[in-house]
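Structure file my_file-v2.txt (compact mmCIF, C-alpha atoms and all ligand atoms) follows.
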# COMPACT_ATOMS: atom_id res chain seq x y z
CA MET A 1 26.81 18.03 20.11
CA ALA A 2 23.62 16.87 18.33
CA ASP A 3 21.42 19.37 16.49
CA GLU A 4 18.22 20.32 18.21
CA TYR A 5 15.06 18.85 16.70
CA LYS A 6 12.70 21.77 17.04
CA SER A 7 9.53 20.38 15.43
CA PHE A 8 9.13 17.66 18.07
CA ILE A 9 5.33 17.99 18.16
CA LYS A 10 3.23 18.20 15.03
CA VAL A 11 0.30 16.91 13.07
CA PRO A 12 1.39 15.80 9.59
CA GLY A 13 -0.32 17.51 6.70
CA GLY A 14 -2.07 15.93 3.75
CA GLY A 15 -3.98 12.69 3.71
CA GLU A 16 -2.03 11.11 6.54
CA GLY A 17 -3.02 13.82 9.01
CA GLN A 18 -6.66 13.38 8.04
CA ARG A 19 -6.76 9.60 8.01
CA CYS A 20 -4.77 8.76 11.12
CA TYR A 21 -6.75 8.36 14.36
CA TYR A 22 -3.74 9.51 16.40
CA PRO A 23 -1.92 12.03 14.21
CA VAL A 24 -0.40 14.19 16.98
CA ARG A 25 3.21 13.12 16.80
CA LEU A 26 5.74 13.73 19.49
CA ASP A 27 9.18 12.64 18.31
CA PRO A 28 12.22 12.76 20.58
CA TYR A 29 14.41 12.40 17.49
CA GLY A 30 13.94 13.71 13.95
CA LYS A 31 15.79 14.23 10.70
CA GLY A 32 17.27 10.74 10.87
CA CYS A 33 17.14 7.31 12.43
CA GLY A 34 20.10 5.06 13.13
CA HIS A 35 18.09 2.01 12.10
CA ASN A 36 18.23 3.36 8.54
CA CYS A 37 15.80 0.77 7.17
CA SER A 38 15.84 0.09 3.44
CA TYR A 39 12.07 0.60 3.21
CA CYS A 40 11.75 3.66 5.47
CA TYR A 41 9.11 6.13 4.39
CA ALA A 42 10.53 8.99 6.50
CA ARG A 43 13.98 8.33 5.09
CA SER A 44 12.70 8.54 1.52
CA LEU A 45 10.89 11.81 2.27
CA LEU A 46 13.99 13.43 3.78
CA GLU A 47 16.60 11.84 1.52
CA PHE A 48 14.85 13.51 -1.38
CA ARG A 49 15.87 16.87 0.09
CA ASP A 50 19.24 15.57 1.33
CA LEU A 51 18.10 16.03 4.93
CA TRP A 52 18.37 12.45 6.27
CA ARG A 53 21.07 12.06 8.96
CA PRO A 54 20.95 8.46 10.29
CA GLN A 55 24.04 8.77 12.48
CA ASP A 56 23.37 12.29 13.64
CA PRO A 57 19.62 12.85 14.04
CA GLY A 58 18.20 15.96 15.63
CA VAL A 59 17.37 15.66 19.33
CA ALA A 60 14.36 17.29 20.99
CA ASP A 61 15.02 19.50 23.99
CA VAL A 62 13.20 17.80 26.86
CA ALA A 63 13.14 21.07 28.80
CA LYS A 64 10.93 22.51 26.04
CA ILE A 65 8.59 19.51 26.13
CA ARG A 66 8.40 19.81 29.92
CA LYS A 67 7.65 23.52 29.63
CA LEU A 68 4.83 22.77 27.20
CA PHE A 69 3.21 20.42 29.73
CA GLU A 70 3.80 22.78 32.66
CA ASP A 71 2.31 25.70 30.74
CA VAL A 72 -0.82 23.78 29.81
CA PHE A 73 -1.47 21.69 32.92
CA ASP A 74 0.16 23.62 35.78
CA LYS A 75 -0.17 27.25 34.67
CA GLY A 76 -3.36 27.06 32.59
CA ARG A 77 -1.75 28.87 29.65
CA ARG A 78 -3.30 28.65 26.20
CA ASN A 79 -1.08 27.81 23.26
CA LYS A 80 -1.21 25.98 19.94
CA TRP A 81 -1.34 22.58 21.65
CA SER A 82 -3.39 23.30 24.78
CA GLU A 83 -6.74 22.26 23.32
CA VAL A 84 -5.37 18.88 22.17
CA LEU A 85 -3.46 18.27 25.40
CA LEU A 86 -6.35 19.23 27.67
CA ARG A 87 -8.58 16.78 25.80
CA ARG A 88 -5.89 14.15 26.50
CA VAL A 89 -5.69 13.12 22.88
CA PRO A 90 -3.13 10.30 22.87
CA LEU A 91 0.25 11.22 21.40
CA ARG A 92 2.06 9.11 18.83
CA ILE A 93 5.66 8.66 19.88
CA GLY A 94 7.79 7.30 17.08
CA GLY A 95 5.53 8.32 14.21
CA MET A 96 8.43 9.95 12.39
CA THR A 97 11.56 8.13 13.62
CA ASP A 98 12.26 5.40 16.15
CA PRO A 99 12.30 6.78 19.72
CA LEU A 100 14.73 4.05 20.82
CA GLN A 101 17.19 4.35 17.96
CA PRO A 102 20.88 4.02 18.98
CA ILE A 103 21.37 7.68 19.93
CA GLU A 104 18.89 7.16 22.78
CA LEU A 105 21.60 5.34 24.74
CA GLU A 106 23.59 8.59 24.80
CA GLU A 107 20.82 11.15 25.01
CA ARG A 108 18.08 9.39 27.05
CA THR A 109 15.58 11.89 25.68
CA THR A 110 12.89 9.24 25.25
CA LEU A 111 13.40 7.97 28.78
CA GLU A 112 12.87 11.46 30.17
CA LEU A 113 9.85 11.94 27.96
CA LEU A 114 8.26 8.69 29.20
CA ARG A 115 8.77 9.77 32.81
CA LEU A 116 7.23 13.16 32.05
CA LEU A 117 4.15 11.54 30.46
CA ARG A 118 3.83 9.21 33.44
CA ASP A 119 3.94 12.18 35.83
CA TYR A 120 1.17 13.92 33.90
CA ARG A 121 -0.83 10.68 33.42
CA TYR A 122 -0.83 11.34 29.70
CA PRO A 123 -1.68 8.52 27.19
CA TYR A 124 0.50 7.67 24.18
CA LEU A 125 1.24 5.18 21.43
CA PHE A 126 4.84 4.02 21.44
CA LEU A 127 6.20 2.57 18.19
CA THR A 128 9.62 0.95 17.99
CA LYS A 129 11.87 -1.67 16.46
CA SER A 130 14.14 -1.74 19.48
CA ALA A 131 14.20 -4.43 22.16
CA LEU A 132 15.19 -1.75 24.69
CA VAL A 133 11.48 -1.18 25.17
CA GLY A 134 11.28 -4.44 27.14
CA GLU A 135 14.28 -3.70 29.36
CA GLU A 136 14.99 -1.45 32.29
CA PRO A 137 14.88 1.47 32.75
CA TYR A 138 12.22 1.69 29.98
CA LEU A 139 10.01 -1.04 31.40
CA SER A 140 9.56 0.99 34.58
CA ALA A 141 9.17 4.31 32.78
CA LEU A 142 6.37 2.97 30.58
CA ASP A 143 2.97 2.72 32.19
CA PRO A 144 0.51 -0.07 31.22
CA GLY A 145 -2.40 2.27 31.91
CA LEU A 146 -1.11 4.90 29.49
CA ALA A 147 1.07 3.18 26.88
CA ALA A 148 -0.11 1.43 23.74
CA VAL A 149 3.18 -0.22 22.82
CA GLN A 150 3.55 -1.32 19.20
CA ILE A 151 6.63 -3.34 18.33
CA SER A 152 7.33 -3.81 14.62
CA VAL A 153 8.66 -7.11 13.32
CA THR A 154 8.88 -7.65 9.57
CA THR A 155 10.49 -11.10 9.30
CA LEU A 156 11.40 -14.05 11.51
CA ASP A 157 14.86 -14.25 9.97
CA ASP A 158 17.43 -12.35 12.07
CA GLU A 159 20.02 -12.39 9.31
CA LYS A 160 17.72 -11.05 6.60
CA ALA A 161 16.37 -8.39 8.96
CA ALA A 162 19.92 -7.18 9.62
CA ARG A 163 20.29 -6.45 5.92
CA LEU A 164 17.21 -4.25 5.74
CA GLU A 165 16.93 -2.84 9.29
CA HIS A 166 20.57 -2.06 9.84
CA GLY A 167 20.70 -0.69 13.35
CA ALA A 168 17.50 -2.21 14.77
CA SER A 169 17.30 -5.07 17.28
CA ARG A 170 17.05 -8.55 15.85
CA PRO A 171 13.50 -9.91 15.40
CA SER A 172 14.17 -12.61 18.02
CA GLU A 173 15.06 -9.86 20.52
CA ARG A 174 11.92 -7.91 19.65
CA LEU A 175 9.79 -11.01 20.22
CA ARG A 176 11.42 -11.34 23.64
CA ALA A 177 10.57 -7.70 24.33
CA ILE A 178 6.91 -8.40 23.49
CA ARG A 179 6.99 -11.28 25.95
CA SER A 180 8.56 -9.17 28.73
CA LEU A 181 6.03 -6.38 28.27
CA SER A 182 3.07 -8.68 28.09
CA GLN A 183 4.20 -10.48 31.23
CA ALA A 184 4.52 -7.08 32.91
CA GLY A 185 0.84 -6.37 32.15
CA PHE A 186 1.11 -4.26 28.98
CA PHE A 187 -1.26 -4.58 26.05
CA VAL A 188 1.25 -4.96 23.22
CA THR A 189 0.54 -4.79 19.53
CA GLY A 190 2.77 -6.82 17.24
CA ARG A 191 3.09 -4.63 14.21
CA ILE A 192 3.88 -6.25 10.86
CA SER A 193 5.03 -2.96 9.40
CA PRO A 194 5.83 -2.86 6.69
CA LEU A 195 4.56 -6.15 5.37
CA ILE A 196 6.93 -6.72 2.45
CA PRO A 197 4.97 -9.03 0.15
CA ASN A 198 6.64 -12.26 -0.80
CA ARG A 199 4.89 -12.65 -4.19
CA ARG A 200 3.70 -10.47 -7.07
CA ASP A 201 0.54 -8.42 -6.79
CA GLY A 202 -2.38 -10.78 -7.50
CA PHE A 203 -0.72 -14.04 -6.49
CA TYR A 204 -2.78 -14.79 -3.37
CA SER A 205 -5.98 -13.05 -4.47
CA GLU A 206 -6.01 -15.27 -7.56
CA GLY A 207 -5.70 -18.43 -5.51
CA GLY A 208 -1.99 -18.65 -4.71
CA VAL A 209 -1.24 -21.41 -7.21
CA GLU A 210 2.46 -22.26 -7.31
CA SER A 211 4.21 -22.58 -10.65
CA PRO A 212 7.89 -22.76 -11.66
CA ASP A 213 7.62 -19.22 -13.10
CA GLU A 214 6.46 -17.58 -9.88
CA ARG A 215 9.13 -15.41 -8.31
CA SER A 216 9.29 -14.91 -4.59
CA PHE A 217 10.96 -12.64 -2.09
CA PRO A 218 11.41 -14.86 0.97
CA TYR A 219 11.46 -12.25 3.73
CA PHE A 220 7.96 -12.05 5.22
CA SER A 221 6.32 -15.39 6.05
CA PHE A 222 2.85 -16.05 7.42
CA GLY A 223 4.45 -17.85 10.37
CA LEU A 224 5.36 -14.41 11.69
CA THR A 225 1.77 -14.02 12.88
CA ASP A 226 2.00 -17.17 15.00
CA ALA A 227 5.30 -16.02 16.48
CA LEU A 228 3.90 -12.60 17.40
CA CYS A 229 0.84 -14.19 18.99
CA GLU A 230 2.91 -16.75 20.89
CA ALA A 231 5.16 -13.97 22.20
CA GLY A 232 2.14 -12.43 23.92
CA SER A 233 0.81 -9.78 21.52
CA GLY A 234 -2.72 -8.72 22.43
CA SER A 235 -3.28 -7.46 18.92
CA ILE A 236 -1.65 -7.67 15.49
CA LEU A 237 -1.60 -4.63 13.22
CA VAL A 238 -0.56 -4.93 9.57
CA GLU A 239 0.65 -2.17 7.29
CA PHE A 240 1.80 -2.83 3.73
CA LEU A 241 4.99 -1.59 2.15
CA ARG A 242 4.69 1.60 0.12
CA PHE A 243 6.80 1.22 -3.03
CA LEU A 244 8.79 4.41 -3.61
CA PRO A 245 11.67 5.07 -6.01
CA PHE A 246 14.22 5.35 -3.19
CA VAL A 247 12.88 2.16 -1.59
CA HIS A 248 13.41 0.21 -4.83
CA ARG A 249 16.96 1.52 -4.95
CA TRP A 250 17.76 0.72 -1.30
CA LEU A 251 16.21 -2.75 -1.52
CA ALA A 252 18.28 -3.50 -4.62
CA ALA A 253 21.43 -2.49 -2.77
CA ASP A 254 20.64 -4.23 0.54
CA ALA A 255 18.61 -7.27 -0.52
CA GLY A 256 19.77 -7.71 -4.11
CA ASP A 257 16.20 -7.31 -5.41
CA ASP A 258 14.44 -4.02 -6.14
CA LEU A 259 10.99 -5.73 -6.09
CA ARG A 260 9.79 -3.85 -9.16
CA TRP A 261 8.75 -7.22 -10.64
CA MET A 262 6.01 -7.48 -7.98
CA LEU A 263 4.11 -4.51 -9.37
CA ASN A 264 1.77 -4.95 -12.32
CA GLU A 265 -1.47 -3.69 -13.83
CA ARG A 266 -3.33 -4.39 -10.57
CA SER A 267 -1.05 -2.10 -8.58
CA PHE A 268 -1.90 1.58 -8.31
CA HIS A 269 -0.42 4.96 -7.40
CA HIS A 270 -1.49 6.97 -4.39
CA GLU A 271 0.16 10.05 -2.91
CA GLY A 272 3.49 9.48 -4.64
CA ALA A 273 3.83 5.75 -3.86
CA THR A 274 2.82 2.57 -5.68
CA HIS A 275 0.58 0.19 -3.74
CA PHE A 276 -0.48 -3.40 -4.10
CA SER A 277 -4.12 -3.76 -5.14
CA ALA A 278 -6.73 -3.71 -2.40
CA GLU A 279 -7.71 -7.29 -3.35
CA GLU A 280 -4.19 -8.59 -2.84
CA LYS A 281 -3.71 -6.73 0.44
CA ARG A 282 -7.00 -8.16 1.65
CA ALA A 283 -5.84 -11.69 0.83
CA TYR A 284 -2.83 -11.18 3.14
CA PHE A 285 -4.91 -9.47 5.82
CA GLU A 286 -7.54 -12.21 5.86
CA ARG A 287 -4.96 -14.96 6.17
CA ILE A 288 -3.25 -13.19 9.06
CA ARG A 289 -6.57 -12.37 10.70
CA GLU A 290 -7.60 -16.02 10.57
CA VAL A 291 -4.58 -16.94 12.67
CA CYS A 292 -5.43 -14.14 15.11
CA LEU A 293 -9.05 -15.29 15.43
CA ARG A 294 -7.93 -18.85 16.07
CA ARG A 295 -5.56 -17.69 18.77
CA GLY A 296 -7.90 -15.17 20.40
CA VAL A 297 -5.70 -12.24 19.40
CA GLN A 298 -7.17 -8.98 18.09
CA PHE A 299 -6.43 -7.63 14.60
CA SER A 300 -6.24 -4.35 12.75
CA VAL A 301 -4.96 -2.71 9.59
CA CYS A 302 -3.15 0.57 8.90
CA ASP A 303 -3.44 1.51 5.25
CA ASP A 304 -3.06 5.00 3.88
CA ALA A 305 -4.53 4.17 0.48
CA ASN A 306 -7.64 2.10 1.36
CA GLN A 307 -8.08 2.46 5.09
CA GLU A 308 -11.88 2.54 5.11
CA SER A 309 -12.28 -0.44 2.83
CA PHE A 310 -10.59 -2.66 5.41
CA ARG A 311 -12.56 -1.47 8.41
CA ASP A 312 -14.64 -4.68 8.41
CA LEU A 313 -11.45 -6.55 9.32
CA TRP A 314 -10.59 -4.48 12.39
CA THR A 315 -11.47 -6.03 15.76
CA ASN A 316 -12.37 -2.58 17.01
CA PRO A 317 -14.13 -0.69 14.18
CA ASP A 318 -13.74 2.57 16.13
CA ASP A 319 -9.95 2.48 16.29
CA CYS A 320 -7.46 1.18 13.73
CA CYS A 321 -4.66 1.31 16.32
CA ASN A 322 -6.92 -0.74 18.59
CA ALA A 323 -5.99 1.04 21.82
CA LEU A 324 -9.47 2.25 22.81
CA ARG A 325 -10.96 -0.17 25.33
CA ASN A 326 -7.60 -1.95 25.67
CA ILE A 327 -5.57 0.80 27.39
CA PRO A 328 -7.34 2.59 30.28
CA GLY A 329 -5.77 5.99 29.46
CA PHE A 330 -7.16 5.92 25.91
CA THR A 331 -10.57 7.52 26.14
CA ARG A 332 -10.73 9.14 22.71
CA THR A 333 -9.03 9.40 19.35
CA TYR A 334 -8.04 12.72 17.75
CA LYS A 335 -11.35 12.91 15.88
CA GLN A 336 -13.65 12.23 18.83
S1 LIG B 1 13.07 2.24 12.51
FE1 LIG B 1 11.36 3.30 11.53
S2 LIG B 1 12.01 5.45 11.40
FE2 LIG B 1 13.84 4.23 11.81
S3 LIG B 1 14.72 3.88 9.77
FE3 LIG B 1 13.42 2.10 10.30
S4 LIG B 1 11.42 2.55 9.40
FE4 LIG B 1 12.58 4.49 9.47

Now, as a test, write the supplied structure out as structure tokens.
Amino acid sequence: MADEYKSFIKVPGGGEGQRCYYPVRLDPYGKGCGHNCSYCYARSLLEFRDLWRPQDPGVADVAKIRKLFEDVFDKGRRNKWSEVLLRRVPLRIGGMTDPLQPIELEERTTLELLRLLRDYRYPYLFLTKSALVGEEPYLSALDPGLAAVQISVTTLDDEKAARLEHGASRPSERLRAIRSLSQAGFFVTGRISPLIPNRRDGFYSEGGVESPDERSFPYFSFGLTDALCEAGSGSILVEFLRFLPFVHRWLAADAGDDLRWMLNERSFHHEGATHFSAEEKRAYFERIREVCLRRGVQFSVCDDANQESFRDLWTNPDDCCNALRNIPGFTRTYKQ
């Protein structure tokens, strides 16, 4: 029997909790994710303490989540979360680990959670790399008036994705899921997260001039934006890779390249990770945004090191997740 994941609702501490517009996380699964991605930030945080269990993650007790909602909404009880819940601050489902990771097919915790949120007309972001999100019974449990669905796709190459996102659905399946949801009336965000750069820091911001010496990592391609738009995404959100020691090690093992060569004097450290320079990130963002503008698709950026400096690029300057004014149930962010 799976371990219980007791901290299923929380606001992360530190900079992330302060920066994020929707930091109240509700995770059906914790302490591991069967997708076990080579670049996973949560994995690197937990692996450090030998707490990452990809095949045996902790599972939240839905009865406890239900009790929390009943206490607050049906019985008028005050508790640690009542103020947030009564304000209907949207929850972030999948902020820690993927809510549709393989164990969901046995446990169905996420399915029950979605039905509970639908019953209470409660808004939420739903982040996943699983194509299950576009299939029954999830399609019916999700509600287009409440759910801001964000589906992450990092490459168009199914084979390369399988090497880095071991248990996740193939990118082609995730694109189909975006199509199914968009045809069912959902506002779907195609999330390029993480964007794993294909050139060294500075390459595009200095003009992108090819030379025989330039190395590349052919995983992300700019054509991914077109594919996400064509699949029916209403918005594209981009988040860059955070370079962490474990991530270098896992990428070396799974992709045969640790990507350390990409980092140089332009790159900088922030909260324990190395980041590409703001200029280089902007060069990627602007190129992707141009495609979005041409196709009438909205755009946004999630960036824990320079979030404010990219605000001019967001379609909705009040919301980096771009759910306000797109999802009826989203009437405020955590800060409002
Ligand atoms: S799907 Fe998300 S949470 Fe799961 S391993 Fe990959 S990056 Fe981590």

Item to check | Residues near Arg43 of chain A, cut-off 9 Å, all atoms listed in the file, skip fewer than 5 positions along chain, as a list of chain:residue names | outcome: A:Lys31, A:Gly32, A:Cys33, A:Asn36, A:Cys37, A:Ser38, A:Phe48, A:Leu51, A:Trp52, A:Arg53, A:Pro54, A:Thr97, A:Phe246

Checklist entry - Taking (-3.7, -11.9, 13.9) in the file's coordinates as the center, which residues reach within 9 Å of it, counting only C-alpha atoms, put as number ranges by chain? => result A: 190, 225-226, 228-229, 235-238, 285-300

Checklist entry - Between A:Tyr41, A:Arg325, A:Val153, A:Gly185, which has the minimum distance to Trp250 of chain A (counting only C-alpha atoms)? => result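 For Trp250 of chain A, the nearest of the candidates is A:Tyr41.
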
Checklist entry - Which value, in Å to one decimal, gives the distance between atom CA of Gly30 of chain A and atom CA of Asp98 of chain A? => result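 Separation of atom CA of Gly30 of chain A and atom CA of Asp98 of chain A: 8.8 Å.
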
Next on the checklist: Between atom CA of Leu116 of chain A and atom CA of Arg66 of chain A, what distance in Å does the model show, to one decimal?
Outcome noted: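 Separating atom CA of Leu116 of chain A from atom CA of Arg66 of chain A is a distance of 7.1 Å.
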
Next on the checklist: Report as a PyMOL selection string all protein, DNA and RNA residues lying within 12 Å of Pro197 of chain A, evaluated on all atoms listed in the file, omitting residues in the same chain fewer than 4 positions from it.
Outcome noted: chain A and resi 154-155+192-193+201-204+215-222+238-243+259-263+275-277+280-281+283-285

Checklist entry - Neighbours of Ala227 of chain A within 10 Å (all atoms listed in the file; same-chain residues fewer than 5 positions away dropped), as a ChimeraX atom specification? => result /A:156,172,175,190,222,232-233

Checklist entry - If you measure from atom CA of Asp119 of chain A to atom CA of Arg88 of chain A, what distance in Å do you get, rounded to one decimal? => result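 These two atoms are separated by 13.7 Å.
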
Checklist entry - Which is closest to ligand LIG 1 (chain B) among A:Leu45, A:Leu105, A:Val188, A:Leu125, if we use all atoms listed in the file? => result A:Leu45

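If you measure from each of A:Asp318, A:Glu214, A:Glu173, A:Glu165 to Tyr39 of chain A using all atoms listed in the file, the closest one turns out to be A:Glu165.
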
Next on the checklist: Just checking: using all atoms listed in the file, which residue out of A:Gln307, A:Gln101, A:Ser205, A:Gln336 ends up closest to ligand LIG 1 (chain B)?
Outcome noted: A:Gln101

Checklist entry - Residues around (-4.3, 4.8, 2.5), cut-off 9 Å, counting all atoms listed in the file - what are they as number ranges by chain? => result A: 15-16, 19, 270-271, 302-308

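If all atoms listed in the file are the atoms counted, then among A:Ala42, A:Val149, A:Ile327, A:Val62 the closest residue to ligand LIG 1 (chain B) is A:Ala42.
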
Item to check | From A:Gln183, A:Thr128, A:Asn316, A:Ser267, residue lying nearest ligand LIG 1 (chain B) [only C-alpha atoms and all ligand atoms] | outcome: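 Looking at the shortest contact to ligand LIG 1 (chain B), the residue is A:Thr128.
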
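Summary of the local environment: counting only C-alpha atoms, residues at most 8 Å from Phe8 of chain A, other than itself and those fewer than 5 positions away along its chain, are Arg25, Leu26, Asp27, Pro28, Tyr29, Gly30 and Ala60 of chain A.
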
Write to file, as a PDB file, keeping the file's coordinate frame, the residues of the selection just made, with C-alpha atoms.
ATOM      1  CA  ARG A  25       3.210  13.120  16.800  1.00  0.00           C
ATOM      2  CA  LEU A  26       5.740  13.730  19.490  1.00  0.00           C
ATOM      3  CA  ASP A  27       9.180  12.640  18.310  1.00  0.00           C
ATOM      4  CA  PRO A  28      12.220  12.760  20.580  1.00  0.00           C
ATOM      5  CA  TYR A  29      14.410  12.400  17.490  1.00  0.00           C
ATOM      6  CA  GLY A  30      13.940  13.710  13.950  1.00  0.00           C
ATOM      7  CA  ALA A  60      14.360  17.290  20.990  1.00  0.00           C
TER       8      ALA A  60
END
